[in-house]
>>> print(open('model.txt').read())   # compact mmCIF, C-alpha atoms
# COMPACT_ATOMS: atom_id res chain seq x y z
CA MET A 1 -29.61 60.01 -45.69
CA ASP A 2 -30.46 58.94 -42.15
CA LEU A 3 -27.10 58.82 -40.39
CA GLY A 4 -28.54 56.94 -37.42
CA LEU A 5 -27.25 59.47 -34.92
CA THR A 6 -30.45 60.40 -33.11
CA GLY A 7 -29.94 59.99 -29.39
CA ARG A 8 -26.21 59.33 -29.62
CA VAL A 9 -23.95 61.20 -27.21
CA ALA A 10 -20.98 63.00 -28.74
CA MET A 11 -18.02 64.84 -27.27
CA VAL A 12 -16.25 67.44 -29.41
CA ALA A 13 -13.03 68.98 -28.13
CA GLY A 14 -11.91 72.45 -29.16
CA ALA A 15 -15.46 73.31 -30.18
CA SER A 16 -15.60 76.99 -29.23
CA SER A 17 -14.95 78.01 -32.85
CA GLY A 18 -13.75 76.84 -36.24
CA LEU A 19 -13.84 73.22 -37.34
CA GLY A 20 -14.71 71.89 -33.88
CA LEU A 21 -17.74 74.14 -33.60
CA ALA A 22 -18.88 73.22 -37.11
CA VAL A 23 -18.68 69.51 -36.25
CA ALA A 24 -20.59 70.02 -32.99
CA GLU A 25 -23.33 71.93 -34.82
CA ARG A 26 -23.64 69.25 -37.49
CA LEU A 27 -23.82 66.42 -34.95
CA ALA A 28 -26.52 68.33 -33.08
CA LEU A 29 -28.41 68.78 -36.35
CA GLU A 30 -28.22 65.03 -36.92
CA GLY A 31 -29.83 64.37 -33.54
CA CYS A 32 -26.92 63.92 -31.15
CA ASP A 33 -26.65 65.14 -27.59
CA VAL A 34 -23.38 67.07 -27.66
CA ALA A 35 -20.77 67.93 -25.05
CA ILE A 36 -18.28 70.60 -26.09
CA CYS A 37 -15.21 72.10 -24.49
CA GLY A 38 -12.88 75.03 -24.98
CA ARG A 39 -10.58 77.27 -22.97
CA ASP A 40 -12.25 80.66 -23.42
CA PRO A 41 -15.47 80.88 -21.35
CA ASP A 42 -17.07 83.63 -23.45
CA ARG A 43 -16.40 81.97 -26.78
CA LEU A 44 -17.53 78.65 -25.34
CA ALA A 45 -20.82 80.16 -24.16
CA ASP A 46 -21.46 81.58 -27.64
CA ALA A 47 -20.63 78.21 -29.18
CA ALA A 48 -23.01 76.41 -26.83
CA ARG A 49 -25.84 78.69 -27.92
CA ARG A 50 -25.07 77.92 -31.58
CA VAL A 51 -25.01 74.18 -30.96
CA GLU A 52 -28.29 74.37 -29.05
CA ALA A 53 -29.87 76.27 -31.93
CA ALA A 54 -28.66 73.66 -34.44
CA GLY A 55 -30.47 70.69 -32.91
CA LYS A 56 -33.03 69.56 -30.39
CA GLY A 57 -30.78 67.48 -28.15
CA ARG A 58 -28.99 68.33 -24.96
CA VAL A 59 -25.83 70.44 -24.98
CA LEU A 60 -23.22 70.39 -22.24
CA SER A 61 -20.33 72.87 -22.28
CA ARG A 62 -17.28 72.87 -20.05
CA VAL A 63 -14.10 74.92 -19.85
CA VAL A 64 -11.26 72.45 -20.35
CA ASP A 65 -7.57 72.76 -21.11
CA VAL A 66 -7.06 69.62 -23.20
CA ARG A 67 -3.35 69.66 -22.37
CA SER A 68 -4.30 68.63 -18.82
CA ASP A 69 -4.90 64.89 -18.54
CA ALA A 70 -6.83 65.43 -15.31
CA GLU A 71 -9.18 68.00 -16.86
CA VAL A 72 -9.79 65.77 -19.87
CA ALA A 73 -10.61 62.76 -17.67
CA GLN A 74 -12.96 64.88 -15.56
CA TRP A 75 -14.70 66.18 -18.70
CA VAL A 76 -15.34 62.62 -19.86
CA ALA A 77 -16.62 61.59 -16.44
CA VAL A 78 -18.98 64.57 -16.20
CA THR A 79 -20.29 64.01 -19.72
CA VAL A 80 -21.11 60.36 -19.06
CA ARG A 81 -22.70 61.20 -15.74
CA GLU A 82 -24.87 63.99 -17.16
CA MET A 83 -25.67 62.43 -20.56
CA GLY A 84 -25.90 58.80 -19.45
CA ALA A 85 -23.57 57.32 -22.09
CA LEU A 86 -20.89 58.12 -24.65
CA HIS A 87 -20.82 57.06 -28.30
CA ILE A 88 -18.79 59.56 -30.37
CA VAL A 89 -15.50 61.25 -29.51
CA VAL A 90 -14.03 63.97 -31.70
CA THR A 91 -10.52 64.98 -30.64
CA ASN A 92 -9.49 68.41 -31.83
CA GLY A 93 -7.24 71.23 -30.75
CA ALA A 94 -4.90 74.00 -31.74
CA GLY A 95 -1.97 73.37 -34.03
CA PRO A 96 1.61 74.49 -33.39
CA PRO A 97 2.92 77.72 -34.94
CA PRO A 98 4.24 77.68 -38.51
CA GLY A 99 7.91 77.93 -39.36
CA PRO A 100 10.75 75.88 -40.86
CA VAL A 101 12.27 73.05 -38.84
CA GLU A 102 15.42 74.99 -37.92
CA ALA A 103 13.43 77.89 -36.49
CA PHE A 104 12.59 75.88 -33.37
CA GLY A 105 14.48 74.27 -30.52
CA PRO A 106 13.87 71.01 -28.64
CA ALA A 107 11.53 72.73 -26.17
CA ASP A 108 9.33 73.87 -29.05
CA TYR A 109 9.07 70.33 -30.36
CA ARG A 110 8.12 69.04 -26.91
CA ASP A 111 5.46 71.74 -26.70
CA ALA A 112 4.16 70.73 -30.14
CA LEU A 113 3.66 67.18 -28.88
CA ASP A 114 1.90 68.52 -25.78
CA THR A 115 -0.38 70.62 -27.99
CA SER A 116 -1.04 68.57 -31.09
CA LEU A 117 -0.58 64.90 -30.18
CA LEU A 118 -0.87 63.99 -26.51
CA PRO A 119 -4.26 65.69 -25.83
CA HIS A 120 -5.86 63.54 -28.54
CA ILE A 121 -4.45 60.38 -27.00
CA ALA A 122 -5.51 61.38 -23.48
CA LEU A 123 -9.12 61.99 -24.56
CA VAL A 124 -9.38 58.73 -26.48
CA LEU A 125 -7.94 56.69 -23.62
CA ALA A 126 -10.32 58.30 -21.13
CA ALA A 127 -13.32 57.66 -23.41
CA LEU A 128 -12.54 54.09 -24.47
CA PRO A 129 -14.08 52.28 -21.47
CA HIS A 130 -17.37 54.11 -22.05
CA LEU A 131 -17.43 53.39 -25.79
CA ARG A 132 -16.83 49.72 -25.07
CA ALA A 133 -19.57 49.76 -22.43
CA ALA A 134 -21.99 51.28 -24.95
CA GLY A 135 -21.11 48.59 -27.50
CA TRP A 136 -20.98 51.19 -30.27
CA GLY A 137 -18.53 53.98 -30.84
CA ARG A 138 -16.88 56.34 -33.27
CA ILE A 139 -13.50 57.94 -32.64
CA LEU A 140 -12.54 60.81 -34.93
CA MET A 141 -9.18 62.49 -34.49
CA VAL A 142 -8.82 65.84 -36.22
CA ALA A 143 -5.25 66.39 -37.37
CA SER A 144 -4.16 68.14 -40.57
CA GLU A 145 -2.97 67.17 -44.01
CA THR A 146 0.54 67.00 -42.54
CA VAL A 147 -0.27 63.48 -41.31
CA ARG A 148 -0.01 62.40 -44.94
CA GLN A 149 2.52 64.79 -46.44
CA PRO A 150 4.91 67.29 -44.84
CA ILE A 151 4.14 70.85 -45.81
CA PRO A 152 6.92 73.43 -46.25
CA ARG A 153 7.23 75.89 -43.35
CA TYR A 154 5.20 73.70 -40.98
CA GLY A 155 8.06 71.87 -39.29
CA LEU A 156 6.40 71.42 -35.90
CA SER A 157 3.14 70.12 -37.36
CA ASN A 158 4.99 67.85 -39.78
CA THR A 159 6.70 66.28 -36.78
CA ALA A 160 3.93 66.09 -34.17
CA ARG A 161 0.83 65.29 -36.22
CA PRO A 162 1.85 61.96 -37.83
CA GLY A 163 1.92 60.33 -34.40
CA LEU A 164 -1.86 60.42 -34.45
CA LEU A 165 -1.87 58.12 -37.43
CA GLY A 166 0.32 55.55 -35.69
CA PHE A 167 -1.87 55.72 -32.59
CA ALA A 168 -5.07 55.34 -34.60
CA LYS A 169 -3.85 52.34 -36.57
CA SER A 170 -2.56 50.67 -33.40
CA LEU A 171 -5.90 51.32 -31.74
CA VAL A 172 -7.79 49.58 -34.56
CA ASP A 173 -5.89 46.39 -33.81
CA SER A 174 -6.38 46.75 -30.06
CA LEU A 175 -10.13 47.22 -30.36
CA GLY A 176 -10.54 44.10 -32.46
CA PRO A 177 -14.03 42.87 -33.48
CA GLY A 178 -16.98 45.05 -32.61
CA ASP A 179 -18.63 48.29 -33.57
CA VAL A 180 -16.12 50.88 -32.46
CA THR A 181 -14.29 52.57 -35.34
CA VAL A 182 -11.28 54.89 -35.44
CA ASN A 183 -10.51 57.38 -38.20
CA VAL A 184 -8.25 60.39 -38.66
CA LEU A 185 -9.54 63.51 -40.38
CA ALA A 186 -6.91 65.52 -42.22
CA PRO A 187 -8.21 69.00 -43.10
CA GLY A 188 -6.44 71.40 -45.39
CA TYR A 189 -7.07 75.14 -45.43
CA HIS A 190 -10.56 76.13 -44.25
CA ARG A 191 -11.72 79.68 -43.64
CA THR A 192 -11.85 79.64 -39.86
CA PRO A 193 -11.42 82.43 -37.30
CA ALA A 194 -7.99 80.99 -36.45
CA LEU A 195 -6.84 81.30 -40.06
CA GLU A 196 -8.17 84.84 -40.27
CA ARG A 197 -6.34 85.77 -37.07
CA GLN A 198 -3.14 84.27 -38.43
CA PHE A 199 -3.28 86.42 -41.57
CA GLY A 200 -4.72 89.53 -39.93
CA ASP A 201 -5.57 92.42 -42.24
CA GLU A 202 -4.24 90.46 -45.21
CA ALA A 203 -6.64 87.54 -44.71
CA ASP A 204 -8.67 88.05 -47.90
CA ARG A 205 -5.57 88.39 -50.08
CA ARG A 206 -3.66 85.53 -48.48
CA ILE A 207 -6.64 83.17 -48.60
CA ALA A 208 -7.23 84.03 -52.26
CA GLU A 209 -3.59 83.17 -52.96
CA ILE A 210 -3.93 79.84 -51.18
CA ALA A 211 -7.06 79.03 -53.15
CA LYS A 212 -5.11 79.30 -56.40
CA GLY A 213 -3.02 76.32 -55.34
CA ILE A 214 -6.00 74.11 -54.48
CA PRO A 215 -7.37 72.01 -57.36
CA LEU A 216 -10.99 72.89 -56.47
CA GLY A 217 -10.08 76.59 -56.57
CA ARG A 218 -11.19 77.52 -53.06
CA VAL A 219 -10.43 77.00 -49.40
CA GLY A 220 -12.90 74.92 -47.43
CA ASP A 221 -15.88 76.07 -45.47
CA PRO A 222 -16.06 74.52 -41.98
CA ALA A 223 -19.44 73.07 -42.98
CA ASP A 224 -17.65 71.04 -45.69
CA PHE A 225 -15.46 69.46 -43.05
CA ALA A 226 -18.33 68.91 -40.63
CA ALA A 227 -20.31 66.96 -43.23
CA VAL A 228 -17.44 64.49 -43.66
CA ALA A 229 -17.03 64.14 -39.90
CA ALA A 230 -20.75 63.46 -39.44
CA PHE A 231 -20.68 60.69 -42.03
CA LEU A 232 -17.68 58.99 -40.42
CA ALA A 233 -19.51 59.20 -37.10
CA SER A 234 -22.61 57.62 -38.60
CA ARG A 235 -24.13 54.17 -38.59
CA PRO A 236 -23.66 53.74 -42.39
CA ALA A 237 -19.88 54.29 -41.93
CA GLY A 238 -19.59 51.28 -39.64
CA PHE A 239 -17.17 49.43 -41.94
CA VAL A 240 -14.79 52.40 -42.29
CA THR A 241 -11.96 52.28 -39.77
CA GLY A 242 -8.21 52.87 -39.65
CA THR A 243 -8.34 55.45 -42.42
CA VAL A 244 -7.04 58.95 -43.01
CA GLN A 245 -9.68 61.08 -44.67
CA LEU A 246 -8.24 64.11 -46.43
CA VAL A 247 -10.57 67.11 -46.57
CA ASP A 248 -8.44 69.58 -48.48
CA GLY A 249 -9.89 70.13 -51.94
CA GLY A 250 -7.15 68.01 -53.49
CA ALA A 251 -4.33 70.20 -52.19
CA THR A 252 -2.20 67.39 -50.79
CA LYS A 253 -2.03 65.77 -54.19
CA GLY A 254 -0.24 68.84 -55.45
CA ILE A 255 2.36 69.14 -52.67
CA PRO A 256 5.89 68.45 -54.02
>>> encode(input="model.txt", output="structure tokens")
Amino acid sequence: MDLGLTGRVAMVAGASSGLGLAVAERLALEGCDVAICGRDPDRLADAARRVEAAGKGRVLSRVVDVRSDAEVAQWVAVTVREMGALHIVVTNGAGPPPGPVEAFGPADYRDALDTSLLPHIALVLAALPHLRAAGWGRILMVASETVRQPIPRYGLSNTARPGLLGFAKSLVDSLGPGDVTVNVLAPGYHRTPALERQFGDEADRRIAEIAKGIPLGRVGDPADFAAVAAFLASRPAGFVTGTVQLVDGGATKGIP
């Protein structure tokens, strides 16, 4: 299928590894010029090489702390200046640490908002004038399945993530008629470097245990997630907006 993405300019936050990198690679493969950001310069440089190898378009990488509104705004400005336009924005970033609700204090909940909610909003607000100017845009906000259903032992995520859904639905109304869409992607467990770091030496065993609880019998590959993101960013998905797209192998259906 021709996704109609050749020549489009995309920004992907948190793209130095994991799901963000997979999305950036897929958008490059589909013909986009891609701007990526991350906090670790070495990992970001490796990611930029991978994105360049995936497609034939331009790749722009920049070290950005997405928790800084000023750095996010500057990243958007530099991308538009260097690439000439902006059409696709993928917000993405680290999630808060796991643990039950009573394991954290008010400061932890504030930090969860600063990590998992406010950076998404800041990037979208900075990008909106450019999407409107282009007359065509796709906003994809990467959250987690906790936007649809609280998950035991993920108290901070259960609290911070659902705000993205309220923001996205409000934004649909604000945008009104036109060709700018807004969707939330809700991934479940995917085998990413972050997940492997979380489980350490027990990664294989823990991931195998998780897979038993997923109806499809496996955790996701980042490429699975990237394919869904690319479609929602595409021209054929122009009538899909205001949705939450679960990418979790059916796991959320089974959560009590």
>>> atom_distance(input="model.txt", atom1="atom CA of Ser174 of chain A", atom2="atom CA of Phe239 of chain A")
16.3 Å
>>> closest_residue(input="model.txt", among="A:Ala251, A:Ala73, A:Val219, A:Leu21", to="Leu125 of chain A", atoms="only C-alpha atoms")
A:Ala73
>>> residues_around(input="model.txt", residues="Gly242 of chain A", least_positions_apart="3", cutoff="9 Å", atoms="all atoms listed in the file", output="number ranges by chain")
A: 165, 168-172, 181-184
>>> residues_near_point(input="model.txt", point="(-6.4, 84.3, -46.6)", cutoff="10 Å", atoms="only C-alpha atoms", output="mmCIF file with C-alpha atoms, in the frame of the given file")
data_model
loop_
_atom_site.group_PDB
_atom_site.id
_atom_site.type_symbol
_atom_site.label_atom_id
_atom_site.label_comp_id
_atom_site.auth_asym_id
_atom_site.auth_seq_id
_atom_site.Cartn_x
_atom_site.Cartn_y
_atom_site.Cartn_z
ATOM 1 C CA TYR A 189 -7.070 75.140 -45.430
ATOM 2 C CA HIS A 190 -10.560 76.130 -44.250
ATOM 3 C CA ARG A 191 -11.720 79.680 -43.640
ATOM 4 C CA THR A 192 -11.850 79.640 -39.860
ATOM 5 C CA LEU A 195 -6.840 81.300 -40.060
ATOM 6 C CA GLU A 196 -8.170 84.840 -40.270
ATOM 7 C CA ARG A 197 -6.340 85.770 -37.070
ATOM 8 C CA GLN A 198 -3.140 84.270 -38.430
ATOM 9 C CA PHE A 199 -3.280 86.420 -41.570
ATOM 10 C CA GLY A 200 -4.720 89.530 -39.930
ATOM 11 C CA ASP A 201 -5.570 92.420 -42.240
ATOM 12 C CA GLU A 202 -4.240 90.460 -45.210
ATOM 13 C CA ALA A 203 -6.640 87.540 -44.710
ATOM 14 C CA ASP A 204 -8.670 88.050 -47.900
ATOM 15 C CA ARG A 205 -5.570 88.390 -50.080
ATOM 16 C CA ARG A 206 -3.660 85.530 -48.480
ATOM 17 C CA ILE A 207 -6.640 83.170 -48.600
ATOM 18 C CA ALA A 208 -7.230 84.030 -52.260
ATOM 19 C CA GLU A 209 -3.590 83.170 -52.960
ATOM 20 C CA ILE A 210 -3.930 79.840 -51.180
ATOM 21 C CA ALA A 211 -7.060 79.030 -53.150
ATOM 22 C CA VAL A 219 -10.430 77.000 -49.400
#
>>> closest_residue(input="model.txt", among="A:Val66, A:Ala28, A:Val101, A:Ala35", to="Tyr154 of chain A", atoms="all atoms listed in the file")
A:Val101
